[in-house]
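What follows is one structure encoded as structure tokens, with my remarks underneath.
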Amino acid sequence: MQVSSLSLDAFKEMDYWALEKYNLSIALMMENAGLQLARLVAKKATKGSVITIGVGNGNNGGGGLVAARRLAAWGFNVNLDLAVSITKELPKAQLERALLFGAKEGIPKKTDIWVDAYLGFSQRLPLSAVFTNKIEVANASSAFKISLDIPVGISKDGKLTGFKANQVMTLAAPKTILEKLPSAVEVFVADLGIPKSVYDHFNIKMPDFLKDQLIAL
Ligand SMILES: NC(=O)C1=CN([C@@H]2O[C@H](COP(=O)(O)OP(=O)(O)OC[C@H]3O[C@@H](n4cnc5c(N)ncnc54)[C@H](OP(=O)(O)O)[C@@H]3O)[C@@H](O)[C@H]2O)[C@H](O)CC1
Ligand SMILES: [K+]
């Protein structure tokens, strides 16, 4: 029988398999992730909404920056909370693009939608103070909160100990760690363009991405 979700380690393997066997680069998958995240944010936003995207120095941050660029291109007010210096090649290139598209650095006085692209599946617990401080500031705000892939600070047993996400948009496949989230948290899965053969190889059902590339679980 097929499994319904993957552990983070199994998912990393699936990701690696897609990259090795099908030459699906991280940059290409990140573009898909960022577009779907931008669509999810746009569903919640109105034209006057103030959006803040929290960014770390990795591919989770890179996906957030693609979303920032897409949202800025659609005319939204997009702000970037850079938790650390963005030095890695891919997120750095995405940051440069997002800024060229009109996203602004810094946290505005009031945020309506706060996106957590601080850290994803490579986060190590305990988090460093810079991230715990960011989480505190975000959680203290009244903003609607959306996490990319998995919430920053989520505990190994899936308790929502970090960023208090209202929605989580996970990538490519449901993750076991998200199953213990409070039932009020809405979880979505987004299509990265990984083929069915990869899902079959990992014995997991491919979400019905033909119907929609962003699916509520
Ligand atoms: N197929 C896919 O699912 C794709 C997913 N994508 C996204 O990529 C992230 C995972 O990206 P990754 O670059 O591996 O890592 P993170 O963004 O989670 O973390 C970035 C770096 O942050 C450092 N780190 C980790 N823990 C801590 C901590 N406690 N304190 C400080 N810093 C920390 C660490 O860097 P080091 O250099 O310090 O080791 C992390 O590497 C996934 O979640 C998806 O969102 C792709 O966009 C596309 C394909
Ligand atoms: K995240």
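Each chain of the structure tokens is named A, B, ... in the order shown, its residues numbered from 1; ligands are numbered from 1 in display order.
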Near-A:Leu28 list (12 Å; only C-alpha atoms; drop same-chain fewer than 6 positions) as an NGL selection string: :A and (18-19 or 22 or 34-35 or 59 or 62-63 or 66 or 90 or 191-194)
Neighbour list for A:Ala184 as JSON, numbers by chain, cut-off 12 Å, only C-alpha atoms, skip fewer than 5 positions in-chain: {"A": [160, 164, 165, 166, 167, 168, 179]}
Write a file of the just-selected residues containing C-alpha atoms, as a PDB file, in the first residue's frame.
ATOM      1  CA  LEU A 160       3.864  24.229  16.551  1.00  0.00           C
ATOM      2  CA  LYS A 164       2.506  30.201  14.622  1.00  0.00           C
ATOM      3  CA  ALA A 165       1.402  29.524  11.067  1.00  0.00           C
ATOM      4  CA  ASN A 166      -2.261  29.789  10.078  1.00  0.00           C
ATOM      5  CA  GLN A 167      -1.398  28.095   6.789  1.00  0.00           C
ATOM      6  CA  VAL A 168       1.496  25.914   5.661  1.00  0.00           C
ATOM      7  CA  GLU A 179       0.338  15.668  10.687  1.00  0.00           C
TER       8      GLU A 179
END
Polymer residues at most 8 Å from A:Leu37, only C-alpha atoms, same-chain spacing of 5 or more positions, as a short mmCIF file (atom, residue, chain, number, x, y, z; two decimals) with N, CA and C atoms, in the first residue's frame:
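What landed in around_33.cif:
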data_model
loop_
_atom_site.label_atom_id
_atom_site.label_comp_id
_atom_site.auth_asym_id
_atom_site.auth_seq_id
_atom_site.Cartn_x
_atom_site.Cartn_y
_atom_site.Cartn_z
N GLY A 64 10.87 31.86 -0.88
CA GLY A 64 10.16 33.04 -0.40
C GLY A 64 10.47 34.26 -1.27
N ALA A 67 8.54 34.14 -4.45
CA ALA A 67 7.17 34.60 -4.17
C ALA A 67 7.15 36.13 -4.07
N LEU A 148 6.32 28.48 4.52
CA LEU A 148 6.73 27.75 3.33
C LEU A 148 7.39 26.43 3.74
N MET A 169 2.28 25.91 3.37
CA MET A 169 2.31 25.39 2.00
C MET A 169 3.55 24.53 1.86
#
How would you report the residues lying within 9 Å of ligand 2, as a PyMOL selection string, if you count only C-alpha atoms and all ligand atoms? chain A and resi 54-56+60-61+64+115-121+123+146-153+163+168-170
Filtered DSSP result for stretch 147-183 of chain A, state helix (DSSP H, G or I), as a PyMOL selection string: chain A and resi 176-180
Would you mind telling me which residue in A:Ser122, A:Thr87, A:Asn139, A:Asn79 lies nearest to ligand 1 when using only C-alpha atoms and all ligand atoms?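 For ligand 1, the nearest of the given residues is A:Ser122.
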Expressed in Å to a single decimal, how great is the separation between atom 46 (C, counted along the ligand's line) of ligand 1 and atom CA of A:Lys196?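 If I compute the distance from atom 46 (C, counted along the ligand's line) of ligand 1 to atom CA of A:Lys196, I get 18.5 Å.
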Just list as a ChimeraX atom specification whatever in stretch 35-159 of chain A DSSP marks as strand (DSSP E). /A:50-55,77-82,104-105,113-117,144-148
For each of A:Val185, A:Ala27, A:Leu178, A:Val137, take the minimum atom-to-atom distance to ligand 1, counting only C-alpha atoms and all ligand atoms, then give the residue where this is smallest.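 Of A:Val185, A:Ala27, A:Leu178, A:Val137, the one nearest ligand 1, counting only C-alpha atoms and all ligand atoms, is A:Ala27.
Of the residues under consideration (A:Ser4, A:Thr176, A:Glu20, A:Glu136), A:Ser4 shows the shortest atom-to-atom contact distance to A:Pro207 when counting only C-alpha atoms.
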